[in-house]
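Here's the structure, in structure tokens; my notes come after.
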Amino acid sequence: MRLGMVIDLKRCIGCYGCQVSCKAENGTRPGTTYARLIKREWGTFPDVQRLSIPLLCNHCSEPPCVDVCPTGASQKQESDGIVFVDGDVCVGCRACVMACPYGARYYQDREHTYFDSEGPNEYETTRYLEHVRGVVEKCDFCRHRLAEGLDPACVTNCMSKARIFGDLDDPDSEVSRLVREEGGFPLTPEAGTEPNVFYLPPDRPPTNDRQVTP
Amino acid sequence: MSSPDTLDIRRRDLRSEFRPQREWIDGRGLLIVVAHFFSGIGAGAWLFSVWLDIEAGMVLGLVCVAILSGIAHLLFLGRFERFWRMLKRPHKSWISRGIWGIGIFSVGALGTLGAPPAWRDTMVAVSLFGCAIILLYEGFVYAASKGIPFWSTKLLPVLYITYGLRGGAALLLILAAAGSTAFDVHAMEAIKLWVVVSTGVLVLLYLTTASRSGGAARHSVRQLVAGRLSPAFYGGTVVVGILVPIALAAAREFGATGLFLLAAIGVSSLIGDFYVKYCVVKAGTYVTLSGAGLGTNANEPTRSRRFREAG
């Protein structure tokens, strides 16, 4: 089995629902967003277009983050291809953060809280206990939810159904069909990491790409 | 508790097109540069000291690698109490190989300095093996970082090896100037001059190659030559690290003498050694994730080899 995801850029409306639901599900600290969203705009007025690009760990088949890890804390699960970090083994050298071409890894160095001047609130006190300090964390396709037969939180909570999750090794699965028939493409294929997150092209291709600064 | 500024920087980074790496340079991240600085010059000093039989240089090399670099490495880690786990994957990870290298070198170096004469040759061989690993591993740790195109080149290990060697030579020149030992200073000066000129050429070659390696690497080069890092690059790496040692060495060639001059060549070289590592690490920028990739792919969707083969 090779779990993967397809993200339809035509359907994504940039609502940040994936980002928020991921944070709620995993109880991550400020500055840590396993599922994040960036926005790009291009063109010249009045012919302009905006694109929302959801980003997350690509659970690569050839993950460079696993190769560079000196302790074996970064692992690829053989049964389903999920790449995860064992927080009890990681030493916090951050080599994997540098190796990941998708910026999907976050080092937990400080005890950030959302309202720093007031200290951690009750929610933060409870949820942040789940995270080990001084190690690297990342998306693991919500392994705890998969164990209960549920989809990852970002997939379940995507209101426009832009995220489809499934087994890429199964040619009859929805994800395989979409990649095959609708031209699914990975990000930065030149890195040679064989990503397992695919994107379906937007209505119009970006030209003269320009960063949006919110 | 965090400083809101740090958090703001992190949030802004996540939205920016050219996201700078901060984990290996900001705050405690600077310790990794310090660790690589000391391990490089320590290994270089050991190599030349063994060659020229300078015992004080050997001791200095051992102190730099085993103590100064070792402590900086440990303090850099998020969970230093687990450092022994880093010995587990030398077959895959350059960091793991580096830790082995430091360990092998330390054992060999201690043996060389303290073991009976009968064991000396064996211990020297062990220490030189460790030394070679240390000089090699630093550059390869960066070169293995696929997320940062500026580092992801085979030239970087060559640059780090050369800087390690010249740092070692610089340390020995300072030792000679301090008068603590006697050795062929002229031979060392000749080596030093040759290595300084080589590093200048290498830095130029590295930047030229990187500027042709795509958007993020080009952005890194721009930061160094005309951006926020240009004062550190021109001041620390080019002027103090390359031009000053060459000028001082030329002054000695034309008759200037004095221990102060010798020490100045050494100190300026060491400062340059630190700054080149600082600048290279600080300029690291993560690969850009949108833009060109989506533009070309959306026109002509790139399917993975697996799916193309499946038809």
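Lettering and numbering for the structure tokens are positional, with chains as A, B, ... in the shown order, residues counted from 1 in each chain, and ligands counted from 1 in the shown order.
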Which chain A residues have any atom within 6 Å of an atom of chain B, and for each, what is the nearest pair of atoms with distance in Å to one decimal, counting only C-alpha atoms, rows sorted by chain and number, as JSON lines?
```
{"residue": "A:Gly31", "atom": "CA", "partner": "B:Arg11", "partner_atom": "CA", "distance": 5.7}
{"residue": "A:Asp67", "atom": "CA", "partner": "B:Lys92", "partner_atom": "CA", "distance": 5.8}
{"residue": "A:Val68", "atom": "CA", "partner": "B:Ser93", "partner_atom": "CA", "distance": 4.6}
{"residue": "A:Pro70", "atom": "CA", "partner": "B:Met86", "partner_atom": "CA", "distance": 4.8}
{"residue": "A:Thr71", "atom": "CA", "partner": "B:Met86", "partner_atom": "CA", "distance": 4.7}
{"residue": "A:Val91", "atom": "CA", "partner": "B:Arg79", "partner_atom": "CA", "distance": 4.8}
{"residue": "A:Gly92", "atom": "CA", "partner": "B:Gly78", "partner_atom": "CA", "distance": 4.3}
{"residue": "A:Cys93", "atom": "CA", "partner": "B:Leu77", "partner_atom": "CA", "distance": 5.3}
{"residue": "A:Met98", "atom": "CA", "partner": "B:Ser145", "partner_atom": "CA", "distance": 5.2}
{"residue": "A:Ala99", "atom": "CA", "partner": "B:Ser145", "partner_atom": "CA", "distance": 4.0}
{"residue": "A:Cys100", "atom": "CA", "partner": "B:Gly147", "partner_atom": "CA", "distance": 4.8}
{"residue": "A:Pro101", "atom": "CA", "partner": "B:Gly147", "partner_atom": "CA", "distance": 3.8}
{"residue": "A:Arg110", "atom": "CA", "partner": "B:Ser2", "partner_atom": "CA", "distance": 6.0}
{"residue": "A:Glu111", "atom": "CA", "partner": "B:Met1", "partner_atom": "CA", "distance": 5.2}
{"residue": "A:His112", "atom": "CA", "partner": "B:Ser2", "partner_atom": "CA", "distance": 5.1}
{"residue": "A:Gly134", "atom": "CA", "partner": "B:Gly78", "partner_atom": "CA", "distance": 4.0}
{"residue": "A:Gly183", "atom": "CA", "partner": "B:Pro301", "partner_atom": "CA", "distance": 5.2}
{"residue": "A:Phe185", "atom": "CA", "partner": "B:Thr302", "partner_atom": "CA", "distance": 4.9}
{"residue": "A:Pro201", "atom": "CA", "partner": "B:Ala298", "partner_atom": "CA", "distance": 4.9}
{"residue": "A:Pro205", "atom": "CA", "partner": "B:Ala298", "partner_atom": "CA", "distance": 5.1}
{"residue": "A:Pro206", "atom": "CA", "partner": "B:Gly295", "partner_atom": "CA", "distance": 4.8}
{"residue": "A:Asp209", "atom": "CA", "partner": "B:Gly291", "partner_atom": "CA", "distance": 5.2}
```
At a cut-off of 6 Å, can you tabulate as a tab-separated table every residue of stretch 6-116 of chain A near stretch 156-174 of chain A together with its closest atom pair and the distance in Å to one decimal, using only C-alpha atoms and ordering rows by chain then number?
```
residue	atom	partner	partner_atom	distance
A:Val6	CA	A:Ile164	CA	5.1
A:Ile7	CA	A:Arg163	CA	4.7
A:Asp8	CA	A:Ala162	CA	4.9
A:Arg11	CA	A:Ala162	CA	5.1
A:Cys12	CA	A:Ala162	CA	5.3
```
Please dump the current selection as a PDB file, in the first residue's frame; keep N, CA and C atoms.
```pdb
ATOM      1  N   VAL A   6      -4.362  13.548  -3.493  1.00  0.00           N
ATOM      2  CA  VAL A   6      -4.508  14.378  -4.686  1.00  0.00           C
ATOM      3  C   VAL A   6      -5.193  15.674  -4.250  1.00  0.00           C
ATOM      4  N   ILE A   7      -4.631  16.799  -4.679  1.00  0.00           N
ATOM      5  CA  ILE A   7      -5.222  18.095  -4.340  1.00  0.00           C
ATOM      6  C   ILE A   7      -5.620  18.783  -5.646  1.00  0.00           C
ATOM      7  N   ASP A   8      -6.898  19.017  -5.774  1.00  0.00           N
ATOM      8  CA  ASP A   8      -7.424  19.608  -7.013  1.00  0.00           C
ATOM      9  C   ASP A   8      -7.362  21.138  -6.905  1.00  0.00           C
ATOM     10  N   ARG A  11     -10.502  23.132  -7.483  1.00  0.00           N
ATOM     11  CA  ARG A  11     -11.532  23.123  -6.448  1.00  0.00           C
ATOM     12  C   ARG A  11     -11.143  23.929  -5.202  1.00  0.00           C
ATOM     13  N   CYS A  12      -9.838  24.016  -4.932  1.00  0.00           N
ATOM     14  CA  CYS A  12      -9.420  24.688  -3.706  1.00  0.00           C
ATOM     15  C   CYS A  12      -9.805  26.167  -3.754  1.00  0.00           C
TER      16      CYS A  12
END
```
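Residue nearest B:Leu136, chosen from B:Ala217, B:Ala43, B:Leu52, B:Ala66 and counting only C-alpha atoms: B:Ala43.
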DSSP on the backbone: which residues in stretch 24-209 of chain A end up as alpha helix (DSSP H)? Give the answer as JSON, numbers by chain. {"A": [24, 25, 26, 64, 65, 66, 67, 68, 95, 96, 97, 98, 99, 122, 123, 124, 125, 126, 127, 143, 144, 145, 146, 153, 154, 155, 156, 174, 175, 176, 177, 178, 179, 180, 181]}
Contacts of A:Leu146 at 12 Å (only C-alpha atoms; same-chain gap of 6+ positions) as a compact mmCIF listing (two decimals) with N, CA and C atoms, in the first residue's frame:
```txt
# COMPACT_ATOMS: atom_id res chain seq x y z
N LEU A 3 0.04 5.12 0.54
CA LEU A 3 -0.97 6.16 0.77
C LEU A 3 -0.51 7.49 0.16
N ASP A 80 2.50 1.30 4.67
CA ASP A 80 1.67 2.23 3.88
C ASP A 80 2.45 3.43 3.33
N ILE A 82 3.87 5.90 4.86
CA ILE A 82 3.81 7.18 5.60
C ILE A 82 5.19 7.49 6.20
N ASP A 140 1.81 13.38 9.53
CA ASP A 140 1.92 11.93 9.36
C ASP A 140 0.61 11.37 8.81
N PRO A 152 -7.46 11.63 6.94
CA PRO A 152 -6.78 12.73 7.64
C PRO A 152 -7.73 13.92 7.84
N ALA A 153 -7.48 14.69 8.89
CA ALA A 153 -8.39 15.79 9.25
C ALA A 153 -8.54 16.80 8.11
N VAL A 155 -8.47 16.30 4.97
CA VAL A 155 -9.31 15.74 3.91
C VAL A 155 -10.78 15.81 4.34
N THR A 156 -11.05 15.37 5.55
CA THR A 156 -12.43 15.36 6.05
C THR A 156 -13.01 16.76 6.10
N PHE A 165 -7.93 11.34 -0.73
CA PHE A 165 -6.91 10.53 -0.06
C PHE A 165 -7.12 9.06 -0.43
N GLY A 166 -6.05 8.34 -0.63
CA GLY A 166 -6.20 6.92 -0.94
C GLY A 166 -4.90 6.22 -1.23
```
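Using only C-alpha atoms for every distance, the candidate list B:Ala45, B:Leu204, B:Ile271, B:Ile54 yields B:Ala45 as the residue closest to B:Leu128.
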Just checking: using only C-alpha atoms, which residue out of B:Ser106, B:Thr122, B:Ala178, B:Pro117 ends up closest to B:Val59?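 Distance minimum relative to B:Val59 lands on B:Ser106.
Taking atom CA of B:Trp46 and atom CA of B:Ser127 as endpoints, the distance between them is 8.6 Å.
These are the residues of stretch 59-169 of chain A assigned strand (DSSP E) by DSSP from backbone coordinates: Ser74, Gln75, Lys76, Val83, Phe84, Val85, Arg105, Tyr106, Tyr107, Val136, Glu137, Lys138, Arg163, Ile164, Phe165, Gly166 and Asp167 of chain A.
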How about saving the chosen residues, N, CA and C atoms kept, as a PDB file, in the first residue's frame?
```
ATOM      1  N   SER A  74      13.545   9.605  11.814  1.00  0.00           N
ATOM      2  CA  SER A  74      12.701   9.799  10.638  1.00  0.00           C
ATOM      3  C   SER A  74      12.600   8.470   9.908  1.00  0.00           C
ATOM      4  N   GLN A  75      11.391   8.000   9.779  1.00  0.00           N
ATOM      5  CA  GLN A  75      11.207   6.670   9.197  1.00  0.00           C
ATOM      6  C   GLN A  75      10.108   6.682   8.146  1.00  0.00           C
ATOM      7  N   LYS A  76      10.177   5.686   7.289  1.00  0.00           N
ATOM      8  CA  LYS A  76       9.102   5.485   6.326  1.00  0.00           C
ATOM      9  C   LYS A  76       8.420   4.172   6.686  1.00  0.00           C
ATOM     10  N   VAL A  83       5.617   8.732   6.026  1.00  0.00           N
ATOM     11  CA  VAL A  83       6.883   9.178   6.610  1.00  0.00           C
ATOM     12  C   VAL A  83       6.558   9.864   7.939  1.00  0.00           C
ATOM     13  N   PHE A  84       7.217   9.443   9.003  1.00  0.00           N
ATOM     14  CA  PHE A  84       6.927  10.030  10.312  1.00  0.00           C
ATOM     15  C   PHE A  84       8.209  10.188  11.134  1.00  0.00           C
ATOM     16  N   VAL A  85       8.098  10.938  12.218  1.00  0.00           N
ATOM     17  CA  VAL A  85       9.245  11.153  13.105  1.00  0.00           C
ATOM     18  C   VAL A  85       8.942  10.527  14.471  1.00  0.00           C
ATOM     19  N   ARG A 105       8.740  20.311   7.570  1.00  0.00           N
ATOM     20  CA  ARG A 105       9.182  19.881   8.903  1.00  0.00           C
ATOM     21  C   ARG A 105       9.412  21.085   9.807  1.00  0.00           C
ATOM     22  N   TYR A 106       9.070  20.898  11.069  1.00  0.00           N
ATOM     23  CA  TYR A 106       9.126  22.014  12.024  1.00  0.00           C
ATOM     24  C   TYR A 106       9.867  21.585  13.283  1.00  0.00           C
ATOM     25  N   TYR A 107      10.850  22.393  13.629  1.00  0.00           N
ATOM     26  CA  TYR A 107      11.618  22.111  14.839  1.00  0.00           C
ATOM     27  C   TYR A 107      10.914  22.757  16.033  1.00  0.00           C
ATOM     28  N   VAL A 136      12.000  17.404  15.953  1.00  0.00           N
ATOM     29  CA  VAL A 136      11.333  17.849  14.732  1.00  0.00           C
ATOM     30  C   VAL A 136       9.990  17.127  14.596  1.00  0.00           C
ATOM     31  N   GLU A 137       8.988  17.863  14.117  1.00  0.00           N
ATOM     32  CA  GLU A 137       7.661  17.262  13.923  1.00  0.00           C
ATOM     33  C   GLU A 137       7.174  17.510  12.499  1.00  0.00           C
ATOM     34  N   LYS A 138       6.221  16.722  12.076  1.00  0.00           N
ATOM     35  CA  LYS A 138       5.685  16.865  10.723  1.00  0.00           C
ATOM     36  C   LYS A 138       4.344  16.151  10.580  1.00  0.00           C
ATOM     37  N   ARG A 163      -9.445  17.797  -1.629  1.00  0.00           N
ATOM     38  CA  ARG A 163      -8.435  16.808  -1.221  1.00  0.00           C
ATOM     39  C   ARG A 163      -9.029  15.411  -1.290  1.00  0.00           C
ATOM     40  N   ILE A 164      -8.318  14.542  -1.981  1.00  0.00           N
ATOM     41  CA  ILE A 164      -8.758  13.152  -2.079  1.00  0.00           C
ATOM     42  C   ILE A 164      -7.605  12.284  -1.590  1.00  0.00           C
ATOM     43  N   PHE A 165      -7.931  11.339  -0.727  1.00  0.00           N
ATOM     44  CA  PHE A 165      -6.912  10.526  -0.062  1.00  0.00           C
ATOM     45  C   PHE A 165      -7.121   9.062  -0.431  1.00  0.00           C
ATOM     46  N   GLY A 166      -6.047   8.338  -0.628  1.00  0.00           N
ATOM     47  CA  GLY A 166      -6.204   6.918  -0.937  1.00  0.00           C
ATOM     48  C   GLY A 166      -4.904   6.220  -1.232  1.00  0.00           C
ATOM     49  N   ASP A 167      -5.037   5.001  -1.794  1.00  0.00           N
ATOM     50  CA  ASP A 167      -3.884   4.154  -2.047  1.00  0.00           C
ATOM     51  C   ASP A 167      -3.427   4.316  -3.503  1.00  0.00           C
TER      52      ASP A 167
END
```
So what do you get for atom CA of B:Leu270 versus atom CA of B:Ile242, distance-wise?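 One can read the atom CA of B:Leu270 to atom CA of B:Ile242 distance as 10.3 Å.
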If we count only C-alpha atoms, what is near B:Asp273 at a cut-off of 7 Å, once residues fewer than 5 positions away on the same chain are taken out, given as a ChimeraX atom specification? /B:163,167,241
Can I get the selected residues back with N, CA and C atoms, as an mmCIF file, in the first residue's frame?
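Saved to part21.cif:
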```
data_model
loop_
_atom_site.group_PDB
_atom_site.id
_atom_site.type_symbol
_atom_site.label_atom_id
_atom_site.label_comp_id
_atom_site.auth_asym_id
_atom_site.auth_seq_id
_atom_site.Cartn_x
_atom_site.Cartn_y
_atom_site.Cartn_z
ATOM 1 N N TYR B 163 39.039 24.985 3.127
ATOM 2 C CA TYR B 163 39.028 25.923 4.254
ATOM 3 C C TYR B 163 39.504 25.260 5.551
ATOM 4 N N GLY B 167 42.654 26.696 7.512
ATOM 5 C CA GLY B 167 42.434 27.054 8.923
ATOM 6 C C GLY B 167 43.472 26.378 9.808
ATOM 7 N N GLY B 241 39.500 37.569 4.966
ATOM 8 C CA GLY B 241 39.824 36.149 4.784
ATOM 9 C C GLY B 241 40.715 35.843 3.607
#
```
Would you compute the distance between atom CA of B:Ile104 and atom CA of B:Ile134? Give it in Å to one decimal.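 Atom CA of B:Ile104 sits 9.7 Å away from atom CA of B:Ile134.
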Report as a list in words all protein, DNA and RNA residues lying within 10 Å of B:Gly61, evaluated on only C-alpha atoms, omitting residues in the same chain fewer than 2 positions from it.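 Using only C-alpha atoms, the neighbours found are Phe38, Ser39, Gly40, Ile41, Gly42, Ala43, Gly44, Ala45, Trp46, Leu47, Phe48, Ser49, Glu55, Ala56, Gly57, Met58, Val59, Val63, Cys64, Val65, Ala66, Ile67, Ser106, Ala109, Gly168, Leu171 and Leu172 of chain B.
Distances from A:Asn196, A:Thr28, A:Ser21, A:Ser52 to A:Val132 were compared using only C-alpha atoms, and the smallest one belongs to A:Thr28.
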